[in-house]
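Worksheet: one structure, shown below.
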Amino acid sequence: MNSLKRYAPQLTTLAIVLLLNYLVFPDFFKIEIANGKLYGTLIDVLNRGAPVALLCVGMTLVIATKGIDLSVGAVMAICGAVAASTVDSGGGVFMALSLALLAGLICGVWNGLLVSVLNIQPIIATLILMVAGRGIAQLITEGAILTFNDEGLIFVGSGSIFSIPMPILIWIAVGIIVTFIVRRTALGMLIESIGINQRASTFSGVNARVLLILVYMVSGLCAALAGTIAAADIRGADANNAGLWLELDAILAVVVGGTSLLGGRFTLIGSLIGAMIIQSINTGILLSGFPPEFNLIIKAAIIVIILVIQSPALQSKYIEYRDRREAEKPPADKENAS
Amino acid sequence: MNMDQPLLKATKIDKIFPGVVALDKVDFTLKAGEVHALLGENGAGKSTLIKCLTGAYHRDGGDILLNGETISPRDTLDAQGLGIGTVYQEVNLLGNLTVAENMMIGRQPKKWGMVQTKQMNRQTKEILNQYGLDIDVAQLLSTYSVAIQQIIAIARAVDLSGKVLILDEPTASLDAKEVQMLFGVIRKLKQKNIGIIFISHFLDQVFEISDTITVLRNGRLIESVTTVDISSIDLVTMMLGYELGEETKLKEHDGVERETLVEFCNFGHKQLIEPFYLAIGKGEVVGFAGLLGSGRTETAETLFGVTPHDSGSATFKNENINLSSPRAAIANGFGFCPEDRKTDGIIADLSVRENIILALQAQRGWANPLPKSEQDEICKKYIKALDIRPTDAEKPIRLLSGGNQQKVILARWLATNPEFLILDEPTRGIDVGAHAEIIRLIENLCEDGMSLLVISSELDELVAYSHRIIVVRDHEHIAELVGSEITTNNIVEAIAADLNVDNGQYELKGVIS
């Protein structure tokens with residue numbers, strides 16, 4: 001009950017967006033099984049939302065430390081390219097996945113070292129890889145879209161287990177595992193303490209340097225998974241377009257989900273709901289039949305509305321309004337009681 | 001102008017912050033051509049008074065007269081227009097602009113809306129020449145040393161204001177030669193009949209440059225005196241608030257031979273503290289006394305690895321230990337309650353519980369979390385033992401009062417079972433009740449065999465619980481008081497001893513290299 005209340009703003013927003021989708025597309029909630037696999041628009045939202053959902057798991061931890069990771073989109077492209085070129089040169093799916101994850105891990109370590117050892121501002125530090133990453137991916141794919149036919153790798157993007165598409169299973173599993181790790185160990189608290197006051201945390205013996213590298217590593221791993229799924233989905237690694245601008249969607253998902261960009265307290269579940277809100281908007285716009293050139297404008301407008309509703313300025317106005325109403329209320333209550 | 005009429009006269013200035021009277025009917029008079037030093041420990045009200053004079057704060061009572069006319073500056077810009085300029089310790093000019101741009105920013109000479117760079121440079125050069133500064137004004141400000149930047153800031157403030165110049169700790173980051181260069185500039189300004197308010201923690205500098213000294217303490221005016229009429233001991237006494245001859249406590253040397261727990265040999269840091277020897281016994285309380293900026297906190301931070309020492313070594317129970325970071329220090333059984341609770345102590349948004357277990361948890365590592373039941377038990381224990389209020393451990397610590405926050409930080413360290421605990425100003429800014437409790441706690445901890453190093457400005461406190469007192473001045477440990485020597489008298493005398501009371505005049509001659 002308490003936790004439901006905590007996510008009330010996010011869940012309400014999600015419900016409204018879903019309702020809007022239902023209004024423009026009455027079949028929105030219809031789910032059916034065909035070829036042993038779930039089909040339906042709602043499933044599509046969950047499926048298409050996988051990359052952003054995965055990215056925002058890592059992004060939440062990074063943002064909790066008062067950082068930001070702009071490189072995740074480019075890391076997706078790198079890791080997709082690594083997976084594709086592995087299977088193309090004869091490696092199996094496990095080899096491809098392992099190498100892609102390793103590439104993501106290395107990217108994360110790089111970002112983490114720049115931020116924690118060299119003390120470079122996270123936005124600049126990760127900007128380097130954001131720019132260079134696509135170049136690296138192009139080197140791996142040798143400038144072309146690297147297609148592949150490895151059934152195993154394709155299964156990661158479009159297969160299903162118990163009728164549930166793989167990408168959905170992967171992001172939900174990652175979400176649960178990471179939530180479990182950060183909340184069942186002391187990791188979550190230590191990350192929050194760094195984000196709130198790094199100096200005081202260091203004074204208390206918190207190993208801020210190692211923890212900072214760790215969160216960027218998690219972010220890199222999440223991006224690697226997202227990149228592999230994106231490549232497997234289209235059966236090819238596109239260095240130029242894979243994960244393009246997704247870092248911004250991921251940051252947005254985290255903010256919509258209720259984690260402050262100022263760092264500190266974070267909520268992974270909120271971020272995942274945020275990711276689904278954003279994917280619902282994307283899908284909804286496509287379904288609505290608006291000309292595609294309107295898509296970005298409509299998306300921006302909806303997000304502005306969400307952020308305005310969540311903005312501290314409006315929140316304090318709301319609290320003021322509620323307090324005033326409550327102040328006026330008691331006499332009425334007494335009347336009712338008597 | 002009548003030389004007897006004060007340039008700036010503030011009478012009965014009041015400033016009240018929620019819960020604190022920051023200034024209580026403070027009078028302040030500045031004559032033209034005078035250097036007036038404003039002294040006081042942290043929280044004495046120096047900066048509040050300055051901010052009231054410059055309009056950064058709005059005073060709650062009292063009058064300010066400039067040249068006999070009542071003024072009421074709305075903000076610092078307004079004060080500047082009236083003739084009151086301020087230069088802060090941190091030069092607040094723009095390092096990425098040229099010297100000339102800094103000097104003329106907002107009032108650049110223009111023609112057809114275009115900045116006349118040549119004219120601007122020439123004007124700036126002329127202004128700076130008056131200060132004996134002959135530098136390339138087209139260079140970026142950041143290419144010059146802090147001392148030169150300081151002088152440029154002064155030149156700008158005088159050029160804009162021209163009557164009163166407030167210097168807030170201008171010498172804090174300058175070396176001895178640069179200080180003399182700055183003093184040369186100040187003397188030139190004196191000859192121009194500018195009234196200068198000089199704030200500094202360095203008493204020898206105050207004696208050297210100032211004509212008048214005003215001492216504030218706890219928001220009250222203690223006294224304004226002419227510099228030649230006061231001895232350094234009287235001055236320190238006024239600042240700290242102790243009467244000479246008042247024997248607070250005569251303590252016999254307890255004669256207990258304690259086994260040495262930690263020993264620091266030739267321990268120091270190039271910029272922060274001269275190398276020192278310090279040995280602390282088991283169950284001993286060593287007090288650190290000294291004025292603000294003397295090197296007390298610097299000593300503590302060097303011991304704890306916040307700024308790792310660059311000379312000497314440390315042993316713990318006769319074994320060499322590594323103190324290169326707080327983590328390393330904690331691993332050796334050290335704990336440290338820092339002076340600035342807000343920036344160095346509390347994790348504001350975390351709960352009291354999380355704040356208490358933080359150090360213990362960090363020591364155990366993230367993968368080895370304290371079970372919730374154990375956390376609750378620890379919190380319950382310390383909330384009760386230290387009487388932390390409110391007792392709800394799930395409240396964010398930022399909602400607690402200063403005294404309770406301090407107790408939470410103490411609890412954080414006690415939970416790690418330290419053998420050596422450093423407390424930097426443990427009783428600053430907390431109410432009287434909590435004050436007494438913390439002192440009692442210090443005594444109890446020491447009885448339980450913990451070794452403590454306590455830094456405090458409250459001398460009678462130090463005298464009450466210390467077995468030994470180290471006096472720090474000018475980044476050096478200058479005296480050690482043991483047993484019956486521990487009196488506030490002796491501390492004050494040690495702090496004030498050998499101060500350089502030299503009113504000799506220095507001339508600024510070609511010091512710019």
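Every chain in the structure tokens has a letter given in the order shown (A, B, ...), and although residue numbers restart at 1 in each chain, ligands are simply numbered from 1 in the order shown.
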Exercise answer, chain A residues close to chain B, 9 Å and only C-alpha atoms, as a list in words: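 Every residue meeting the condition is included here: Ile181, Arg184, Thr185, Ala186, Leu187, Gly188, Met189, Leu190, Glu192, Ser193, Ile194, Ile196, Asn197, Gln198, Arg199, Ala200, Ser201, Thr202, Phe203, Ser204, Gly205, Val206, Asn207, Gly264 and Arg265 of chain A.
Among A:Leu214, A:Leu153, A:Ile172, A:Leu314, the residue with the shortest atom-to-atom distance to Val109 of chain A, counting only C-alpha atoms, is A:Leu214.
Put simply, atom CA of Gly241 of chain B is 27.1 Å away from atom CA of Asp63 of chain B.
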Quick one: residues within 8 Å of Lys317 of chain B, only C-alpha atoms, excluding same-chain residues fewer than 5 positions away - as a PyMOL selection string? chain B and resi 260-262
Write the selection just made, keeping C-alpha atoms, as a tab-separated table (two decimals), in the first residue's frame?
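This went into result.tsv:
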chain	number	residue	atom	x	y	z
B	260	THR	CA	51.00	4.97	24.09
B	261	LEU	CA	48.25	4.15	21.64
B	262	VAL	CA	49.12	6.28	18.63
Any idea what's packed within 12 Å of Leu441 of chain B, counting only C-alpha atoms, ignoring anything in its chain fewer than 6 positions away? Could you give it as a PyMOL selection string? chain B and resi 382+385-387+407+410-411+414+423+426-427+434-435+447-448+450+452+465
N, CA and C atoms of the current selection, written as a compact mmCIF listing (two decimals), in the first residue's frame:
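File out-v4.txt, as written:
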# COMPACT_ATOMS: atom_id res chain seq x y z
N TYR B 382 21.98 3.96 20.59
CA TYR B 382 22.60 5.28 20.63
C TYR B 382 21.59 6.41 20.77
N ALA B 385 21.22 6.29 24.44
CA ALA B 385 22.43 6.67 25.17
C ALA B 385 22.75 8.15 25.01
N LEU B 386 22.55 8.67 23.80
CA LEU B 386 22.92 10.06 23.56
C LEU B 386 21.70 10.97 23.64
N ASP B 387 20.55 10.40 23.90
CA ASP B 387 19.31 11.17 24.01
C ASP B 387 19.06 11.98 22.74
N LYS B 407 25.00 14.72 17.65
CA LYS B 407 24.95 13.46 18.39
C LYS B 407 24.85 12.27 17.43
N LEU B 410 28.23 11.63 16.19
CA LEU B 410 28.99 10.94 17.24
C LEU B 410 28.59 9.47 17.28
N ALA B 411 27.29 9.22 17.18
CA ALA B 411 26.79 7.84 17.21
C ALA B 411 27.38 7.06 16.04
N LEU B 414 30.79 6.11 17.21
CA LEU B 414 30.79 5.19 18.34
C LEU B 414 30.38 3.80 17.88
N LEU B 423 37.60 14.84 17.64
CA LEU B 423 36.39 15.66 17.62
C LEU B 423 36.79 17.10 17.33
N PRO B 426 33.26 19.89 18.80
CA PRO B 426 32.05 19.08 18.97
C PRO B 426 30.88 19.87 19.55
N THR B 427 31.15 21.00 20.16
CA THR B 427 30.03 21.71 20.81
C THR B 427 29.67 23.00 20.10
N ALA B 434 22.54 20.21 25.10
CA ALA B 434 23.31 19.24 24.33
C ALA B 434 24.79 19.42 24.59
N HIS B 435 25.18 20.66 24.78
CA HIS B 435 26.55 21.03 25.10
C HIS B 435 27.06 20.22 26.30
N GLU B 447 36.96 7.56 30.13
CA GLU B 447 37.01 6.60 31.25
C GLU B 447 36.94 5.16 30.73
N ASP B 448 36.20 4.99 29.61
CA ASP B 448 36.10 3.64 29.04
C ASP B 448 37.35 3.24 28.28
N MET B 450 38.86 5.03 25.70
CA MET B 450 39.03 5.55 24.34
C MET B 450 39.99 6.72 24.40
N LEU B 452 41.09 10.33 22.92
CA LEU B 452 40.40 11.39 22.19
C LEU B 452 41.32 12.56 21.92
N TYR B 465 38.18 18.90 30.50
CA TYR B 465 38.32 17.47 30.23
C TYR B 465 39.69 17.02 29.72
Which parts of segment 158-188 of chain A does DSSP call helix (DSSP H, G or I) when run on the backbone here, written out as a list in words? Ser158, Met166, Pro167, Ile168, Leu169, Ile170, Trp171, Ile172, Ala173, Val174, Gly175, Ile176, Ile177, Val178, Thr179, Phe180, Ile181, Val182, Arg183, Arg184, Leu187 and Gly188 of chain A
Those residues with N, CA and C atoms, as a PDB file, in the first residue's frame please?
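out.pdb written:
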ATOM      1  N   SER A 158      13.978 -11.621 -30.923  1.00  0.00           N
ATOM      2  CA  SER A 158      12.586 -11.853 -31.322  1.00  0.00           C
ATOM      3  C   SER A 158      12.058 -13.216 -30.915  1.00  0.00           C
ATOM      4  N   MET A 166      11.397 -12.435 -25.640  1.00  0.00           N
ATOM      5  CA  MET A 166      12.664 -12.360 -24.901  1.00  0.00           C
ATOM      6  C   MET A 166      12.992 -10.972 -24.342  1.00  0.00           C
ATOM      7  N   PRO A 167      12.893  -9.899 -25.178  1.00  0.00           N
ATOM      8  CA  PRO A 167      13.286  -8.577 -24.631  1.00  0.00           C
ATOM      9  C   PRO A 167      12.530  -8.240 -23.346  1.00  0.00           C
ATOM     10  N   ILE A 168      11.225  -8.604 -23.300  1.00  0.00           N
ATOM     11  CA  ILE A 168      10.453  -8.311 -22.089  1.00  0.00           C
ATOM     12  C   ILE A 168      11.035  -9.074 -20.912  1.00  0.00           C
ATOM     13  N   LEU A 169      11.310 -10.351 -21.142  1.00  0.00           N
ATOM     14  CA  LEU A 169      11.873 -11.164 -20.061  1.00  0.00           C
ATOM     15  C   LEU A 169      13.196 -10.579 -19.578  1.00  0.00           C
ATOM     16  N   ILE A 170      14.002 -10.154 -20.556  1.00  0.00           N
ATOM     17  CA  ILE A 170      15.336  -9.657 -20.173  1.00  0.00           C
ATOM     18  C   ILE A 170      15.234  -8.398 -19.326  1.00  0.00           C
ATOM     19  N   TRP A 171      14.431  -7.410 -19.774  1.00  0.00           N
ATOM     20  CA  TRP A 171      14.437  -6.159 -18.987  1.00  0.00           C
ATOM     21  C   TRP A 171      13.783  -6.335 -17.632  1.00  0.00           C
ATOM     22  N   ILE A 172      12.755  -7.183 -17.583  1.00  0.00           N
ATOM     23  CA  ILE A 172      12.135  -7.401 -16.275  1.00  0.00           C
ATOM     24  C   ILE A 172      13.105  -8.129 -15.345  1.00  0.00           C
ATOM     25  N   ALA A 173      13.811  -9.120 -15.904  1.00  0.00           N
ATOM     26  CA  ALA A 173      14.774  -9.853 -15.071  1.00  0.00           C
ATOM     27  C   ALA A 173      15.878  -8.932 -14.574  1.00  0.00           C
ATOM     28  N   VAL A 174      16.425  -8.126 -15.491  1.00  0.00           N
ATOM     29  CA  VAL A 174      17.501  -7.205 -15.084  1.00  0.00           C
ATOM     30  C   VAL A 174      16.997  -6.237 -14.017  1.00  0.00           C
ATOM     31  N   GLY A 175      15.779  -5.713 -14.251  1.00  0.00           N
ATOM     32  CA  GLY A 175      15.195  -4.785 -13.272  1.00  0.00           C
ATOM     33  C   GLY A 175      15.099  -5.432 -11.901  1.00  0.00           C
ATOM     34  N   ILE A 176      14.595  -6.674 -11.870  1.00  0.00           N
ATOM     35  CA  ILE A 176      14.423  -7.356 -10.578  1.00  0.00           C
ATOM     36  C   ILE A 176      15.778  -7.651  -9.934  1.00  0.00           C
ATOM     37  N   ILE A 177      16.711  -8.164 -10.750  1.00  0.00           N
ATOM     38  CA  ILE A 177      18.018  -8.539 -10.179  1.00  0.00           C
ATOM     39  C   ILE A 177      18.734  -7.312  -9.607  1.00  0.00           C
ATOM     40  N   VAL A 178      18.764  -6.227 -10.407  1.00  0.00           N
ATOM     41  CA  VAL A 178      19.498  -5.044  -9.930  1.00  0.00           C
ATOM     42  C   VAL A 178      18.808  -4.452  -8.697  1.00  0.00           C
ATOM     43  N   THR A 179      17.471  -4.366  -8.740  1.00  0.00           N
ATOM     44  CA  THR A 179      16.750  -3.857  -7.566  1.00  0.00           C
ATOM     45  C   THR A 179      17.091  -4.695  -6.341  1.00  0.00           C
ATOM     46  N   PHE A 180      17.070  -6.011  -6.536  1.00  0.00           N
ATOM     47  CA  PHE A 180      17.346  -6.919  -5.433  1.00  0.00           C
ATOM     48  C   PHE A 180      18.752  -6.676  -4.885  1.00  0.00           C
ATOM     49  N   ILE A 181      19.730  -6.561  -5.804  1.00  0.00           N
ATOM     50  CA  ILE A 181      21.111  -6.374  -5.341  1.00  0.00           C
ATOM     51  C   ILE A 181      21.269  -5.054  -4.585  1.00  0.00           C
ATOM     52  N   VAL A 182      20.775  -3.955  -5.166  1.00  0.00           N
ATOM     53  CA  VAL A 182      21.051  -2.675  -4.501  1.00  0.00           C
ATOM     54  C   VAL A 182      20.278  -2.531  -3.193  1.00  0.00           C
ATOM     55  N   ARG A 183      19.092  -3.157  -3.105  1.00  0.00           N
ATOM     56  CA  ARG A 183      18.322  -2.983  -1.881  1.00  0.00           C
ATOM     57  C   ARG A 183      18.611  -4.040  -0.824  1.00  0.00           C
ATOM     58  N   ARG A 184      19.070  -5.212  -1.232  1.00  0.00           N
ATOM     59  CA  ARG A 184      19.359  -6.244  -0.235  1.00  0.00           C
ATOM     60  C   ARG A 184      20.784  -6.140   0.298  1.00  0.00           C
ATOM     61  N   LEU A 187      24.545  -1.511  -1.041  1.00  0.00           N
ATOM     62  CA  LEU A 187      24.946  -0.731  -2.208  1.00  0.00           C
ATOM     63  C   LEU A 187      24.054   0.489  -2.422  1.00  0.00           C
ATOM     64  N   GLY A 188      22.739   0.269  -2.356  1.00  0.00           N
ATOM     65  CA  GLY A 188      21.796   1.364  -2.614  1.00  0.00           C
ATOM     66  C   GLY A 188      22.036   2.535  -1.676  1.00  0.00           C
TER      67      GLY A 188
END
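Minimum atom-to-atom distance to Gly45 of chain B, evaluated using only C-alpha atoms, belongs to B:Arg220 out of B:Arg220, B:Lys177, B:Arg468, B:Lys192.
Rounded to one decimal, atom CA of Pro73 of chain B and atom CA of Lys190 of chain B lie 24.0 Å from each other.
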Which residues, written as a PyMOL selection string, have at least one atom at most 8 Å from segment 224-232 of chain A, with only C-alpha atoms counted and residues fewer than 2 positions away on the same chain left out? chain A and resi 50-52+54-55+75-81+83-84+97+100-101+103-105+153-158+167+220-222+234-238+242-243
So which residues touch Tyr144 of chain B within 12 Å, counting only C-alpha atoms, skipping near sequence neighbours fewer than 5 positions away, as a list in words? Val91, Gly95, Asn96, Leu97, Thr98, Val99, Leu133, Ile135, Asp136, Val137, Ala138, Gln139, Gln149, Gln150, Ile151, Ile152, Ile512 and Ser513 of chain B
For those residues, write N, CA and C atoms to a file as a PDB file, in the first residue's frame.
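Saved to out.pdb:
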ATOM      1  N   VAL B  91      38.982  35.842  -4.565  1.00  0.00           N
ATOM      2  CA  VAL B  91      38.845  36.934  -5.512  1.00  0.00           C
ATOM      3  C   VAL B  91      37.608  36.677  -6.366  1.00  0.00           C
ATOM      4  N   GLY B  95      38.271  35.009 -14.051  1.00  0.00           N
ATOM      5  CA  GLY B  95      39.597  34.593 -14.492  1.00  0.00           C
ATOM      6  C   GLY B  95      39.737  34.472 -15.994  1.00  0.00           C
ATOM      7  N   ASN B  96      38.612  34.273 -16.686  1.00  0.00           N
ATOM      8  CA  ASN B  96      38.696  34.057 -18.126  1.00  0.00           C
ATOM      9  C   ASN B  96      38.547  35.341 -18.936  1.00  0.00           C
ATOM     10  N   LEU B  97      38.546  36.488 -18.239  1.00  0.00           N
ATOM     11  CA  LEU B  97      38.573  37.760 -18.945  1.00  0.00           C
ATOM     12  C   LEU B  97      39.929  38.421 -18.705  1.00  0.00           C
ATOM     13  N   THR B  98      40.246  39.434 -19.517  1.00  0.00           N
ATOM     14  CA  THR B  98      41.531  40.100 -19.312  1.00  0.00           C
ATOM     15  C   THR B  98      41.444  40.998 -18.084  1.00  0.00           C
ATOM     16  N   VAL B  99      42.592  41.438 -17.635  1.00  0.00           N
ATOM     17  CA  VAL B  99      42.652  42.329 -16.478  1.00  0.00           C
ATOM     18  C   VAL B  99      41.818  43.579 -16.755  1.00  0.00           C
ATOM     19  N   LEU B 133      51.564  48.854  -9.844  1.00  0.00           N
ATOM     20  CA  LEU B 133      51.427  47.599 -10.566  1.00  0.00           C
ATOM     21  C   LEU B 133      51.595  47.886 -12.053  1.00  0.00           C
ATOM     22  N   ILE B 135      51.611  45.860 -15.170  1.00  0.00           N
ATOM     23  CA  ILE B 135      51.452  44.546 -15.791  1.00  0.00           C
ATOM     24  C   ILE B 135      50.740  44.702 -17.124  1.00  0.00           C
ATOM     25  N   ASP B 136      50.784  43.642 -17.920  1.00  0.00           N
ATOM     26  CA  ASP B 136      50.097  43.651 -19.204  1.00  0.00           C
ATOM     27  C   ASP B 136      48.605  43.430 -18.960  1.00  0.00           C
ATOM     28  N   VAL B 137      47.826  44.490 -19.135  1.00  0.00           N
ATOM     29  CA  VAL B 137      46.405  44.399 -18.770  1.00  0.00           C
ATOM     30  C   VAL B 137      45.589  43.651 -19.814  1.00  0.00           C
ATOM     31  N   ALA B 138      46.203  43.322 -20.964  1.00  0.00           N
ATOM     32  CA  ALA B 138      45.462  42.571 -21.986  1.00  0.00           C
ATOM     33  C   ALA B 138      45.549  41.068 -21.745  1.00  0.00           C
ATOM     34  N   GLN B 139      46.330  40.668 -20.725  1.00  0.00           N
ATOM     35  CA  GLN B 139      46.421  39.243 -20.393  1.00  0.00           C
ATOM     36  C   GLN B 139      45.200  38.813 -19.596  1.00  0.00           C
ATOM     37  N   GLN B 149      45.903  39.471  -8.340  1.00  0.00           N
ATOM     38  CA  GLN B 149      44.446  39.497  -8.555  1.00  0.00           C
ATOM     39  C   GLN B 149      43.764  40.252  -7.419  1.00  0.00           C
ATOM     40  N   GLN B 150      44.277  40.004  -6.207  1.00  0.00           N
ATOM     41  CA  GLN B 150      43.731  40.675  -5.030  1.00  0.00           C
ATOM     42  C   GLN B 150      43.868  42.197  -5.185  1.00  0.00           C
ATOM     43  N   ILE B 151      45.034  42.635  -5.621  1.00  0.00           N
ATOM     44  CA  ILE B 151      45.274  44.070  -5.777  1.00  0.00           C
ATOM     45  C   ILE B 151      44.382  44.629  -6.883  1.00  0.00           C
ATOM     46  N   ILE B 152      44.212  43.852  -7.955  1.00  0.00           N
ATOM     47  CA  ILE B 152      43.325  44.304  -9.034  1.00  0.00           C
ATOM     48  C   ILE B 152      41.904  44.445  -8.502  1.00  0.00           C
ATOM     49  N   ILE B 512      56.883  43.724  -7.630  1.00  0.00           N
ATOM     50  CA  ILE B 512      56.267  42.957  -8.707  1.00  0.00           C
ATOM     51  C   ILE B 512      57.362  42.390  -9.587  1.00  0.00           C
ATOM     52  N   SER B 513      57.462  41.117  -9.626  1.00  0.00           N
ATOM     53  CA  SER B 513      58.503  40.540 -10.475  1.00  0.00           C
ATOM     54  C   SER B 513      57.869  39.951 -11.712  1.00  0.00           C
TER      55      SER B 513
END
Where in segment 42-200 of chain A does DSSP assign strand (DSSP E), given as a count of residues only? 6
